[in-house]
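Structure record follows, encoded as structure tokens.
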Amino acid sequence: MHSDPARGRAASPMAAPASFRWTRRIVLTVLTVFTVTPVLVMVSSSLKPLEDVQGPFRWIPSGFTLRPYVDIWHTVPLAHYFINSLIVSVSSTVCSVTVAILAAYAVSRYTFRGRRVFTVTVLSTQMFPGILFLLPLFLLFVNIGNATGVALYGSRGGLILTYLTFSLPFSIWMLVGYLDSIPRDLDEAALVDGCGPIRALVRIIIPAARPGIIAVAVYAFMTAWGEVLFASVLTSEETRTLAVGLQGYATQTDVYWNQVMAASLVVSVPVVAGFLLLQRYLVAGLTAGAVK
């Protein structure tokens with residue numbers, strides 16, 4: 001007599017009850033609709049003439065047009081803002097990852113005086129809202145410029161340093177947890193083979209910590225790419241980034257909503273594409289070290 005595999009699975013004590021499965025489906029469906037609906041509204045609005053966007057909302061436009069995707073590059077200097085955001089985001093990501101790797105390696109592998117205080121201090125900086133640092137950084141950049149002639153206020157360099165102040169603490173804390181999950185035997189084997197600490201870090205630890213490093217890099221890039229508060233105060237017209245430049249589609253007399261939606265979709269492409277390409281590394285980096 002043959003047993004029914006489906007009946008065996010249904011009778012398994014580890015199988016989820018039907019009520020739980022239906023509840024899970026309903027919750028996931030609601031969350032999916034809640035997440036996808038704004039994106040659909042953006043896509044629909046970006047394909048409408050301005051008159052249709054300003055009128056009563058309709059899911060299906062009366063007439064599709066790609067004109068907003070052409071006009072976004074002329075209404076405001078979007079390409080210039082795009083380059084500024086790319087330079088600032090990539091530079092702050094590279095600096096954040098480089099410093100975080102060195103700091104996390106020192107904290108994870110060496111015992112020194114003040115190690116615990118340093119770790120707690122780094123983590124505690126995440127508890128303060130960013131707006132608390134806005135005025136001090138503004139005054140600091142202006143005074144440094146007046147005293148030394150180094151123009152940090154209104155420059156890309158000043159914005160990169162600003163982004164490091166809140167991407168570095170999280171990056172260091174996250175990489176410390178990831179490096180702690182890498183066996184120390186790898187370091188000891190490298191040292192026995194004649195590698196110094198820096199060589200062991202470059203040849204052994206960094207390749208093993210690739211998922212964690214990628215997760216930190218994605219976090220730093222996304223933080224810098226979409227930041228608005230500091231970029232709106234610490235930049236000039238020449239160094240303005242995308243997040244601030246999108247405000248240029250609102251004039252004193254009108255708001256080009258279809259172009260705003262089109263530009264928002266265009267500037268989201270690098271982040272979405274990078275996330276999709278690095279998704280498996282990102283998940284592995286975020287979950288590593290959670291279970292020792």
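Letters for chains follow the order of the structure tokens (A, B, ...), residue numbers begin at 1 for each chain, and ligand numbers begin at 1 in the order shown.
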
Please identify every residue of region 115-138 of chain A that has at least one atom no farther than 9 Å from an atom of region 155-176 of chain A, counting only C-alpha atoms, and for each give the shortest atom pair and the distance in Å to one decimal, arranged by chain then increasing number, as CSV.
residue,atom,partner,partner_atom,distance
A:Thr119,CA,A:Trp173,CA,7.4
A:Thr121,CA,A:Pro169,CA,8.8
A:Val122,CA,A:Pro169,CA,5.1
A:Leu123,CA,A:Pro169,CA,6.2
A:Ser124,CA,A:Pro169,CA,8.6
A:Thr125,CA,A:Pro169,CA,7.0
A:Gln126,CA,A:Pro169,CA,7.2
A:Gly130,CA,A:Phe166,CA,7.9
A:Leu137,CA,A:Thr162,CA,7.7

Store the residues picked out above, limited to C-alpha atoms, as an mmCIF file, in the first residue's frame.
data_model
loop_
_atom_site.group_PDB
_atom_site.id
_atom_site.type_symbol
_atom_site.label_atom_id
_atom_site.label_comp_id
_atom_site.auth_asym_id
_atom_site.auth_seq_id
_atom_site.Cartn_x
_atom_site.Cartn_y
_atom_site.Cartn_z
ATOM 1 C CA THR A 119 33.064 50.662 20.227
ATOM 2 C CA THR A 121 31.085 55.634 21.325
ATOM 3 C CA VAL A 122 30.875 54.653 17.670
ATOM 4 C CA LEU A 123 27.561 52.923 18.201
ATOM 5 C CA SER A 124 26.087 55.670 20.394
ATOM 6 C CA THR A 125 26.490 58.271 17.638
ATOM 7 C CA GLN A 126 23.640 56.552 15.802
ATOM 8 C CA GLY A 130 21.317 64.271 12.016
ATOM 9 C CA LEU A 137 29.071 71.494 10.777
#

Show which residues sit within 10 Å of region 256-264 of chain A, as a ChimeraX atom specification. Count only C-alpha atoms, and ignore same-chain residues fewer than 3 positions away. /A:39,41-54,66-73,75,78,242-243,246-251,267-269

Selection export as a CSV table (one decimal), in the first residue's frame, atoms kept: N, CA and C atoms:
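Dumped to again.csv:
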chain,number,residue,atom,x,y,z
A,39,VAL,N,4.8,53.4,-6.7
A,39,VAL,CA,5.6,53.3,-7.9
A,39,VAL,C,4.7,53.3,-9.1
A,41,VAL,N,1.9,54.8,-9.4
A,41,VAL,CA,1.4,56.2,-9.5
A,41,VAL,C,2.5,57.1,-10.2
A,42,MET,N,3.8,56.8,-9.8
A,42,MET,CA,4.9,57.6,-10.4
A,42,MET,C,5.0,57.3,-11.8
A,43,VAL,N,5.0,56.0,-12.2
A,43,VAL,CA,5.1,55.6,-13.6
A,43,VAL,C,3.9,56.2,-14.4
A,44,SER,N,2.7,56.1,-13.9
A,44,SER,CA,1.5,56.6,-14.6
A,44,SER,C,1.6,58.1,-14.8
A,45,SER,N,2.0,58.8,-13.7
A,45,SER,CA,2.1,60.3,-13.8
A,45,SER,C,3.2,60.8,-14.7
A,46,SER,N,4.3,60.0,-14.8
A,46,SER,CA,5.4,60.4,-15.6
A,46,SER,C,5.1,60.3,-17.1
A,47,LEU,N,4.1,59.5,-17.5
A,47,LEU,CA,3.7,59.3,-18.9
A,47,LEU,C,2.5,60.2,-19.3
A,48,LYS,N,2.1,61.1,-18.5
A,48,LYS,CA,1.0,62.0,-18.8
A,48,LYS,C,1.4,63.4,-19.1
A,49,PRO,N,0.7,64.1,-19.9
A,49,PRO,CA,0.9,65.5,-20.1
A,49,PRO,C,0.6,66.2,-18.7
A,50,LEU,N,1.2,67.4,-18.6
A,50,LEU,CA,1.0,68.1,-17.3
A,50,LEU,C,-0.4,68.4,-17.0
A,51,GLU,N,-1.2,68.7,-18.0
A,51,GLU,CA,-2.6,69.0,-17.8
A,51,GLU,C,-3.4,67.8,-17.2
A,52,ASP,N,-3.0,66.6,-17.6
A,52,ASP,CA,-3.7,65.4,-17.0
A,52,ASP,C,-3.2,65.2,-15.6
A,53,VAL,N,-2.0,65.5,-15.3
A,53,VAL,CA,-1.5,65.3,-13.9
A,53,VAL,C,-2.2,66.2,-12.9
A,54,GLN,N,-2.4,67.5,-13.4
A,54,GLN,CA,-3.0,68.5,-12.5
A,54,GLN,C,-4.5,68.3,-12.4
A,66,LEU,N,6.1,60.5,-23.8
A,66,LEU,CA,7.5,60.4,-23.3
A,66,LEU,C,8.2,61.7,-23.2
A,67,ARG,N,7.4,62.8,-23.4
A,67,ARG,CA,8.0,64.1,-23.4
A,67,ARG,C,8.6,64.5,-22.0
A,68,PRO,N,7.9,64.1,-20.9
A,68,PRO,CA,8.5,64.5,-19.6
A,68,PRO,C,10.0,63.9,-19.4
A,69,TYR,N,10.3,62.8,-20.0
A,69,TYR,CA,11.6,62.2,-19.9
A,69,TYR,C,12.6,62.9,-20.7
A,70,VAL,N,12.1,63.7,-21.7
A,70,VAL,CA,13.0,64.5,-22.5
A,70,VAL,C,13.2,65.9,-21.8
A,71,ASP,N,12.1,66.4,-21.3
A,71,ASP,CA,12.1,67.8,-20.7
A,71,ASP,C,12.9,67.8,-19.4
A,72,ILE,N,13.0,66.7,-18.7
A,72,ILE,CA,13.7,66.8,-17.4
A,72,ILE,C,15.1,67.2,-17.5
A,73,TRP,N,15.7,67.0,-18.6
A,73,TRP,CA,17.2,67.4,-18.8
A,73,TRP,C,17.3,68.8,-19.1
A,75,THR,N,14.7,71.4,-18.2
A,75,THR,CA,14.0,72.3,-17.2
A,75,THR,C,15.0,72.6,-16.1
A,78,LEU,N,19.8,68.6,-14.8
A,78,LEU,CA,19.8,67.3,-14.1
A,78,LEU,C,21.0,66.5,-14.3
A,242,LEU,N,21.4,65.6,-6.7
A,242,LEU,CA,20.1,65.2,-7.2
A,242,LEU,C,18.9,65.4,-6.3
A,243,ALA,N,19.2,65.0,-5.0
A,243,ALA,CA,18.1,65.0,-4.0
A,243,ALA,C,17.6,66.4,-3.8
A,246,LEU,N,16.0,68.2,-7.5
A,246,LEU,CA,14.6,67.9,-7.9
A,246,LEU,C,13.7,69.0,-7.5
A,247,GLN,N,14.0,69.8,-6.5
A,247,GLN,CA,13.2,70.9,-6.1
A,247,GLN,C,13.1,71.9,-7.2
A,248,GLY,N,14.0,71.9,-8.2
A,248,GLY,CA,14.0,72.9,-9.3
A,248,GLY,C,12.8,72.7,-10.2
A,249,TYR,N,12.1,71.6,-10.2
A,249,TYR,CA,10.9,71.4,-11.0
A,249,TYR,C,9.7,72.2,-10.5
A,250,ALA,N,9.8,72.8,-9.3
A,250,ALA,CA,8.8,73.6,-8.7
A,250,ALA,C,9.1,75.1,-8.8
A,251,THR,N,8.4,75.8,-9.6
A,251,THR,CA,8.6,77.2,-9.8
A,251,THR,C,7.7,78.0,-9.0
A,267,VAL,N,16.5,58.9,-11.5
A,267,VAL,CA,17.6,58.9,-10.5
A,267,VAL,C,17.5,57.7,-9.6
A,268,SER,N,16.4,57.0,-9.6
A,268,SER,CA,16.4,55.7,-8.8
A,268,SER,C,17.0,54.5,-9.5
A,269,VAL,N,17.3,54.7,-10.8
A,269,VAL,CA,17.8,53.5,-11.5
A,269,VAL,C,19.1,53.0,-11.0

Counting only C-alpha atoms, the residue of A:Thr235, A:Ser19, A:Ser181, A:Ser85 that sits nearest Tyr105 (chain A): A:Ser181

DSSP on the backbone, then: every residue of region 195-238 of chain A marked helix (DSSP H, G or I), written as a ChimeraX atom specification. /A:197-208,210-226,229-234

How close does region 11-121 of chain A get to region 210-216 of chain A? List, as JSON lines, each residue of region 11-121 of chain A within 10 Å, its nearest atom pair and the distance in Å to one decimal, counting only C-alpha atoms.
{"residue": "A:Thr93", "atom": "CA", "partner": "A:Val216", "partner_atom": "CA", "distance": 8.5}
{"residue": "A:Ser96", "atom": "CA", "partner": "A:Val216", "partner_atom": "CA", "distance": 8.5}
{"residue": "A:Val97", "atom": "CA", "partner": "A:Val216", "partner_atom": "CA", "distance": 6.8}
{"residue": "A:Thr98", "atom": "CA", "partner": "A:Ile213", "partner_atom": "CA", "distance": 9.5}
{"residue": "A:Ala100", "atom": "CA", "partner": "A:Val216", "partner_atom": "CA", "distance": 8.8}
{"residue": "A:Ile101", "atom": "CA", "partner": "A:Ile213", "partner_atom": "CA", "distance": 7.9}

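Our summary of the geometry notes that CA of Ala209 (chain A) is positioned 26.3 Å from CA of Gly226 (chain A).
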
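Across the model, the gap from CA of Thr241 (chain A) to CA of Val90 (chain A) is 12.8 Å.
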